[in-house]
>>> print(open('final28.txt').read())   # compact mmCIF, N, CA and C atoms
# COMPACT_ATOMS: atom_id res chain seq x y z
N MET A 20 30.51 3.23 38.89
CA MET A 20 30.55 2.74 37.54
C MET A 20 29.65 1.53 37.31
N LEU A 21 29.33 0.81 38.35
CA LEU A 21 28.49 -0.37 38.21
C LEU A 21 27.08 -0.01 37.77
N ILE A 22 26.62 1.17 38.10
CA ILE A 22 25.27 1.60 37.76
C ILE A 22 25.15 1.95 36.27
N LEU A 23 26.19 2.47 35.66
CA LEU A 23 26.13 2.91 34.27
C LEU A 23 25.94 1.75 33.29
N PHE A 24 26.54 0.61 33.56
CA PHE A 24 26.43 -0.50 32.63
C PHE A 24 24.99 -0.93 32.39
N PRO A 25 24.18 -1.18 33.44
CA PRO A 25 22.78 -1.55 33.19
C PRO A 25 22.00 -0.45 32.47
N VAL A 26 22.29 0.82 32.74
CA VAL A 26 21.59 1.92 32.07
C VAL A 26 21.90 1.91 30.58
N LYS A 27 23.17 1.74 30.24
CA LYS A 27 23.55 1.70 28.82
C LYS A 27 22.94 0.49 28.13
N ARG A 28 22.88 -0.63 28.83
CA ARG A 28 22.30 -1.84 28.24
C ARG A 28 20.81 -1.65 27.99
N VAL A 29 20.11 -1.07 28.94
CA VAL A 29 18.68 -0.80 28.77
C VAL A 29 18.47 0.16 27.60
N HIS A 30 19.29 1.19 27.52
CA HIS A 30 19.18 2.15 26.42
C HIS A 30 19.43 1.45 25.08
N TRP A 31 20.45 0.59 25.04
CA TRP A 31 20.75 -0.13 23.81
C TRP A 31 19.59 -1.05 23.42
N LEU A 32 19.01 -1.75 24.39
CA LEU A 32 17.89 -2.65 24.11
C LEU A 32 16.67 -1.89 23.59
N ARG A 33 16.42 -0.73 24.19
CA ARG A 33 15.29 0.09 23.72
C ARG A 33 15.53 0.60 22.30
N ALA A 34 16.74 1.04 22.03
CA ALA A 34 17.07 1.52 20.68
C ALA A 34 16.96 0.39 19.66
N ARG A 35 17.40 -0.79 20.04
CA ARG A 35 17.31 -1.95 19.15
C ARG A 35 15.85 -2.30 18.87
N ALA A 36 15.02 -2.29 19.90
CA ALA A 36 13.59 -2.59 19.73
C ALA A 36 12.93 -1.56 18.82
N LEU A 37 13.28 -0.29 19.01
CA LEU A 37 12.72 0.76 18.16
C LEU A 37 13.13 0.56 16.71
N ASN A 38 14.38 0.21 16.50
CA ASN A 38 14.87 -0.04 15.14
C ASN A 38 14.11 -1.19 14.51
N GLN A 39 13.87 -2.25 15.25
CA GLN A 39 13.13 -3.40 14.73
C GLN A 39 11.68 -3.04 14.40
N ARG A 40 11.06 -2.21 15.24
CA ARG A 40 9.68 -1.77 14.97
C ARG A 40 9.62 -0.95 13.69
N TRP A 41 10.60 -0.06 13.48
CA TRP A 41 10.61 0.75 12.27
C TRP A 41 10.83 -0.12 11.04
N HIS A 42 11.66 -1.13 11.15
CA HIS A 42 11.88 -2.05 10.03
C HIS A 42 10.58 -2.79 9.70
N GLU A 43 9.88 -3.26 10.73
CA GLU A 43 8.61 -3.94 10.52
C GLU A 43 7.58 -3.00 9.89
N GLU A 44 7.55 -1.77 10.35
CA GLU A 44 6.61 -0.79 9.79
C GLU A 44 6.91 -0.52 8.32
N GLU A 45 8.17 -0.46 7.96
CA GLU A 45 8.55 -0.25 6.56
C GLU A 45 8.04 -1.39 5.68
N ILE A 46 8.17 -2.61 6.16
CA ILE A 46 7.68 -3.77 5.42
C ILE A 46 6.16 -3.68 5.26
N LEU A 47 5.46 -3.34 6.34
CA LEU A 47 4.00 -3.24 6.28
C LEU A 47 3.54 -2.15 5.32
N VAL A 48 4.22 -1.02 5.32
CA VAL A 48 3.83 0.08 4.43
C VAL A 48 4.01 -0.33 2.97
N GLU A 49 5.07 -1.07 2.67
CA GLU A 49 5.26 -1.53 1.29
C GLU A 49 4.13 -2.46 0.86
N TYR A 50 3.69 -3.34 1.76
CA TYR A 50 2.55 -4.20 1.44
C TYR A 50 1.27 -3.39 1.31
N GLU A 51 1.07 -2.41 2.15
CA GLU A 51 -0.13 -1.58 2.09
C GLU A 51 -0.20 -0.80 0.78
N MET A 52 0.94 -0.41 0.24
CA MET A 52 0.96 0.25 -1.07
C MET A 52 0.40 -0.70 -2.12
N GLN A 53 0.86 -1.95 -2.11
CA GLN A 53 0.37 -2.93 -3.09
C GLN A 53 -1.12 -3.20 -2.88
N TRP A 54 -1.53 -3.32 -1.62
CA TRP A 54 -2.94 -3.59 -1.34
C TRP A 54 -3.82 -2.45 -1.82
N THR A 55 -3.34 -1.22 -1.70
CA THR A 55 -4.11 -0.06 -2.15
C THR A 55 -4.34 -0.12 -3.66
N VAL A 56 -3.28 -0.38 -4.41
CA VAL A 56 -3.41 -0.45 -5.87
C VAL A 56 -4.30 -1.62 -6.26
N ARG A 57 -4.14 -2.75 -5.58
CA ARG A 57 -4.99 -3.92 -5.89
C ARG A 57 -6.46 -3.64 -5.59
N TYR A 58 -6.72 -2.88 -4.52
CA TYR A 58 -8.11 -2.52 -4.20
C TYR A 58 -8.70 -1.65 -5.31
N PHE A 59 -7.92 -0.68 -5.78
CA PHE A 59 -8.40 0.18 -6.88
C PHE A 59 -8.68 -0.66 -8.12
N LEU A 60 -7.82 -1.63 -8.42
CA LEU A 60 -8.04 -2.50 -9.57
C LEU A 60 -9.29 -3.36 -9.37
N TYR A 61 -9.52 -3.81 -8.15
CA TYR A 61 -10.71 -4.59 -7.83
C TYR A 61 -11.97 -3.77 -8.08
N LYS A 62 -11.97 -2.51 -7.62
CA LYS A 62 -13.13 -1.65 -7.83
C LYS A 62 -13.35 -1.38 -9.31
N CYS A 63 -12.26 -1.22 -10.05
CA CYS A 63 -12.37 -1.02 -11.50
C CYS A 63 -13.05 -2.23 -12.14
N LYS A 64 -12.61 -3.42 -11.77
CA LYS A 64 -13.19 -4.64 -12.31
C LYS A 64 -14.67 -4.77 -11.94
N GLU A 65 -15.01 -4.40 -10.71
CA GLU A 65 -16.42 -4.44 -10.29
C GLU A 65 -17.29 -3.57 -11.19
N TRP A 66 -16.82 -2.35 -11.49
CA TRP A 66 -17.58 -1.44 -12.33
C TRP A 66 -17.64 -1.93 -13.77
N GLU A 67 -16.57 -2.58 -14.23
CA GLU A 67 -16.60 -3.14 -15.59
C GLU A 67 -17.62 -4.27 -15.68
N GLU A 68 -17.70 -5.08 -14.63
CA GLU A 68 -18.71 -6.15 -14.62
C GLU A 68 -20.12 -5.55 -14.53
N GLY A 69 -20.27 -4.48 -13.77
CA GLY A 69 -21.56 -3.80 -13.68
C GLY A 69 -21.97 -3.19 -15.01
N ARG A 70 -21.01 -2.70 -15.75
CA ARG A 70 -21.27 -2.15 -17.07
C ARG A 70 -21.86 -3.22 -17.98
N ASP A 71 -21.29 -4.43 -17.90
CA ASP A 71 -21.75 -5.52 -18.76
C ASP A 71 -23.16 -5.98 -18.38
N LYS A 72 -23.55 -5.76 -17.13
CA LYS A 72 -24.87 -6.21 -16.67
C LYS A 72 -25.94 -5.12 -16.77
N ALA A 73 -25.52 -3.90 -17.03
CA ALA A 73 -26.47 -2.78 -17.04
C ALA A 73 -27.43 -2.90 -18.22
N ALA A 74 -28.69 -2.66 -17.93
CA ALA A 74 -29.73 -2.76 -18.96
C ALA A 74 -29.99 -1.41 -19.63
N VAL A 75 -29.68 -0.33 -18.94
CA VAL A 75 -29.97 1.01 -19.45
C VAL A 75 -28.66 1.65 -19.93
N ALA A 76 -28.72 2.35 -21.02
CA ALA A 76 -27.52 2.97 -21.61
C ALA A 76 -26.87 3.94 -20.63
N GLY A 77 -27.67 4.71 -19.92
CA GLY A 77 -27.14 5.67 -18.95
C GLY A 77 -26.35 4.99 -17.84
N ALA A 78 -26.84 3.84 -17.41
CA ALA A 78 -26.15 3.09 -16.36
C ALA A 78 -24.82 2.54 -16.88
N ARG A 79 -24.81 2.12 -18.14
CA ARG A 79 -23.56 1.63 -18.74
C ARG A 79 -22.53 2.74 -18.83
N VAL A 80 -22.96 3.92 -19.25
CA VAL A 80 -22.04 5.06 -19.37
C VAL A 80 -21.49 5.42 -17.99
N TYR A 81 -22.36 5.43 -17.00
CA TYR A 81 -21.91 5.74 -15.64
C TYR A 81 -20.89 4.71 -15.16
N ALA A 82 -21.16 3.42 -15.42
CA ALA A 82 -20.26 2.35 -15.01
C ALA A 82 -18.91 2.47 -15.71
N VAL A 83 -18.92 2.85 -16.98
CA VAL A 83 -17.66 3.05 -17.72
C VAL A 83 -16.87 4.18 -17.08
N ARG A 84 -17.53 5.26 -16.74
CA ARG A 84 -16.86 6.40 -16.11
C ARG A 84 -16.27 6.01 -14.76
N GLN A 85 -17.03 5.25 -13.98
CA GLN A 85 -16.53 4.82 -12.68
C GLN A 85 -15.34 3.86 -12.82
N ALA A 86 -15.43 2.94 -13.76
CA ALA A 86 -14.31 2.01 -13.99
C ALA A 86 -13.05 2.77 -14.39
N ARG A 87 -13.21 3.76 -15.26
CA ARG A 87 -12.06 4.58 -15.68
C ARG A 87 -11.48 5.34 -14.49
N ARG A 88 -12.35 5.85 -13.63
CA ARG A 88 -11.89 6.61 -12.46
C ARG A 88 -11.05 5.71 -11.54
N TRP A 89 -11.54 4.49 -11.26
CA TRP A 89 -10.79 3.58 -10.39
C TRP A 89 -9.49 3.14 -11.05
N SER A 90 -9.50 2.98 -12.35
CA SER A 90 -8.28 2.63 -13.08
C SER A 90 -7.26 3.77 -12.98
N GLN A 91 -7.72 5.00 -13.08
CA GLN A 91 -6.83 6.15 -12.95
C GLN A 91 -6.27 6.24 -11.53
N TYR A 92 -7.09 5.94 -10.54
CA TYR A 92 -6.60 5.91 -9.15
C TYR A 92 -5.47 4.89 -9.02
N ALA A 93 -5.68 3.70 -9.59
CA ALA A 93 -4.67 2.64 -9.50
C ALA A 93 -3.37 3.07 -10.18
N GLU A 94 -3.47 3.66 -11.36
CA GLU A 94 -2.26 4.09 -12.07
C GLU A 94 -1.55 5.23 -11.35
N ALA A 95 -2.32 6.18 -10.84
CA ALA A 95 -1.70 7.30 -10.13
C ALA A 95 -1.00 6.83 -8.86
N ALA A 96 -1.67 5.97 -8.10
CA ALA A 96 -1.06 5.45 -6.87
C ALA A 96 0.18 4.62 -7.21
N ASP A 97 0.08 3.79 -8.23
CA ASP A 97 1.21 2.96 -8.63
C ASP A 97 2.41 3.81 -9.04
N ASN A 98 2.16 4.85 -9.82
CA ASN A 98 3.25 5.74 -10.24
C ASN A 98 3.88 6.45 -9.04
N LEU A 99 3.05 6.93 -8.14
CA LEU A 99 3.55 7.62 -6.96
C LEU A 99 4.37 6.67 -6.08
N PHE A 100 3.85 5.49 -5.82
CA PHE A 100 4.56 4.53 -4.97
C PHE A 100 5.88 4.10 -5.61
N SER A 101 5.90 3.98 -6.94
CA SER A 101 7.14 3.61 -7.64
C SER A 101 8.20 4.69 -7.49
N ARG A 102 7.76 5.95 -7.50
CA ARG A 102 8.72 7.06 -7.34
C ARG A 102 9.22 7.18 -5.91
N ILE A 103 8.38 6.83 -4.95
CA ILE A 103 8.72 7.00 -3.54
C ILE A 103 9.81 6.03 -3.10
N THR A 104 9.67 4.77 -3.49
CA THR A 104 10.62 3.76 -3.01
C THR A 104 10.99 2.78 -4.11
N GLY A 105 12.21 2.35 -4.09
CA GLY A 105 12.67 1.36 -5.05
C GLY A 105 12.26 -0.05 -4.67
N HIS A 106 11.74 -0.24 -3.44
CA HIS A 106 11.34 -1.56 -2.96
C HIS A 106 9.92 -1.93 -3.37
N TYR A 107 9.18 -0.98 -3.92
CA TYR A 107 7.78 -1.20 -4.27
C TYR A 107 7.68 -2.15 -5.46
N LEU A 108 6.86 -3.19 -5.33
CA LEU A 108 6.60 -4.13 -6.42
C LEU A 108 5.22 -3.83 -6.99
N SER A 109 5.20 -3.35 -8.20
CA SER A 109 3.96 -2.89 -8.82
C SER A 109 3.03 -4.03 -9.19
N PRO A 110 1.79 -4.02 -8.72
CA PRO A 110 0.80 -5.01 -9.16
C PRO A 110 0.39 -4.80 -10.62
N LEU A 111 0.56 -3.59 -11.14
CA LEU A 111 0.17 -3.30 -12.51
C LEU A 111 1.19 -3.86 -13.51
N HIS A 112 2.45 -3.86 -13.15
CA HIS A 112 3.50 -4.24 -14.10
C HIS A 112 4.10 -5.59 -13.82
N ASN A 113 3.59 -6.30 -12.81
CA ASN A 113 4.11 -7.63 -12.48
C ASN A 113 3.12 -8.74 -12.83
N HIS A 114 2.15 -8.45 -13.66
CA HIS A 114 1.16 -9.49 -14.01
C HIS A 114 1.78 -10.47 -14.95
>>> encode(input="final28.txt", output="structure tokens")
Amino acid sequence: MLILFPVKRVHWLRARALNQRWHEEEILVEYEMQWTVRYFLYKCKEWEEGRDKAAVAGARVYAVRQARRWSQYAEAADNLFSRITGHYLSPLHNH
């Protein structure tokens, strides 16, 4: 019986460590969701600034299209992340 106690303790310690790693991963994934939406918003802003600097009408139209695309990515990701978890803090709706 003396051998079983250390085995159970090692098993418990490993299970505890695994649980802590999963908790840490959950926190990181929630932050990565926010970072993804913020990156899409950043790209949208970049294209909007490029639109304002464009000298040719065609370049302005292209920049508007790209800005809209990145904005749609941000909204789609934000909506998806909001549906997936209740812990997600939306960068779009927390301004």
>>> closest_residue(input="final28.txt", among="A:Arg57, A:Leu47, A:Gly69, A:Ala78", to="Pro110 in chain A", atoms="all atoms listed in the file")
A:Arg57
>>> atom_distance(input="final28.txt", atom1="atom N of Ala86 in chain A", atom2="atom N of Val56 in chain A")
15.7 Å
>>> atom_distance(input="final28.txt", atom1="CA of Gln85 in chain A", atom2="CA of Thr55 in chain A")
17.0 Å
>>> residues_around(input="final28.txt", residues="range 58-60 of chain A", least_positions_apart="3", cutoff="6.5 Å", atoms="all atoms listed in the file", output="mmCIF file with N, CA and C atoms, keeping the file's coordinate frame")
data_model
loop_
_atom_site.group_PDB
_atom_site.id
_atom_site.type_symbol
_atom_site.label_atom_id
_atom_site.label_comp_id
_atom_site.auth_asym_id
_atom_site.auth_seq_id
_atom_site.Cartn_x
_atom_site.Cartn_y
_atom_site.Cartn_z
ATOM 1 N N GLN A 53 0.860 -1.950 -2.110
ATOM 2 C CA GLN A 53 0.370 -2.930 -3.090
ATOM 3 C C GLN A 53 -1.120 -3.200 -2.880
ATOM 4 N N TRP A 54 -1.530 -3.320 -1.620
ATOM 5 C CA TRP A 54 -2.940 -3.590 -1.340
ATOM 6 C C TRP A 54 -3.820 -2.450 -1.820
ATOM 7 N N THR A 55 -3.340 -1.220 -1.700
ATOM 8 C CA THR A 55 -4.110 -0.060 -2.150
ATOM 9 C C THR A 55 -4.340 -0.120 -3.660
ATOM 10 N N CYS A 63 -12.260 -1.220 -10.050
ATOM 11 C CA CYS A 63 -12.370 -1.020 -11.500
ATOM 12 C C CYS A 63 -13.050 -2.230 -12.140
ATOM 13 N N LYS A 64 -12.610 -3.420 -11.770
ATOM 14 C CA LYS A 64 -13.190 -4.640 -12.310
ATOM 15 C C LYS A 64 -14.670 -4.770 -11.940
ATOM 16 N N GLU A 65 -15.010 -4.400 -10.710
ATOM 17 C CA GLU A 65 -16.420 -4.440 -10.290
ATOM 18 C C GLU A 65 -17.290 -3.570 -11.190
ATOM 19 N N TRP A 89 -11.540 4.490 -11.260
ATOM 20 C CA TRP A 89 -10.790 3.580 -10.390
ATOM 21 C C TRP A 89 -9.490 3.140 -11.050
ATOM 22 N N SER A 90 -9.500 2.980 -12.350
ATOM 23 C CA SER A 90 -8.280 2.630 -13.080
ATOM 24 C C SER A 90 -7.260 3.770 -12.980
ATOM 25 N N TYR A 92 -7.090 5.940 -10.540
ATOM 26 C CA TYR A 92 -6.600 5.910 -9.150
ATOM 27 C C TYR A 92 -5.470 4.890 -9.020
ATOM 28 N N ALA A 93 -5.680 3.700 -9.590
ATOM 29 C CA ALA A 93 -4.670 2.640 -9.500
ATOM 30 C C ALA A 93 -3.370 3.070 -10.180
#
>>> closest_residue(input="final28.txt", among="A:Trp41, A:Phe24, A:Trp66, A:Trp31", to="Tyr81 in chain A", atoms="all atoms listed in the file")
A:Trp66
>>> select_by_dssp(input="final28.txt", residues="chain A", states="helix (DSSP H, G or I)", output="JSON, numbers by chain")
{"A": [23, 24, 25, 26, 27, 28, 29, 30, 31, 32, 33, 34, 35, 36, 37, 38, 39, 40, 41, 42, 43, 44, 45, 46, 47, 48, 49, 50, 51, 52, 53, 54, 55, 56, 57, 58, 59, 60, 61, 62, 63, 64, 65, 66, 67, 68, 69, 70, 71, 72, 76, 77, 78, 79, 80, 81, 82, 83, 84, 85, 86, 87, 88, 89, 90, 91, 92, 93, 94, 95, 96, 97, 98, 99, 100, 101, 102, 103]}
>>> closest_residue(input="final28.txt", among="A:Glu49, A:Arg84, A:Glu68, A:Ala76", to="His106 in chain A", atoms="all atoms listed in the file")
A:Glu49
>>> closest_residue(input="final28.txt", among="A:Tyr50, A:Gln39, A:Val83, A:Arg33", to="Phe100 in chain A", atoms="only C-alpha atoms")
A:Tyr50
>>> axis_aligned_box(input="final28.txt", around="range 92-96 of chain A", padding_each_side="6 Å", output="lines of an AutoDock Vina configuration file")
center_x = -3.5
center_y = 5.0
center_z = -9.5
size_x = 19.3
size_y = 16.7
size_z = 17.2
>>> closest_residue(input="final28.txt", among="A:Tyr107, A:Arg40, A:Lys27, A:Glu67", to="Arg87 in chain A", atoms="only N, CA and C atoms")
A:Glu67
>>> atom_distance(input="final28.txt", atom1="CA of Thr104 in chain A", atom2="CA of Leu37 in chain A")
21.5 Å
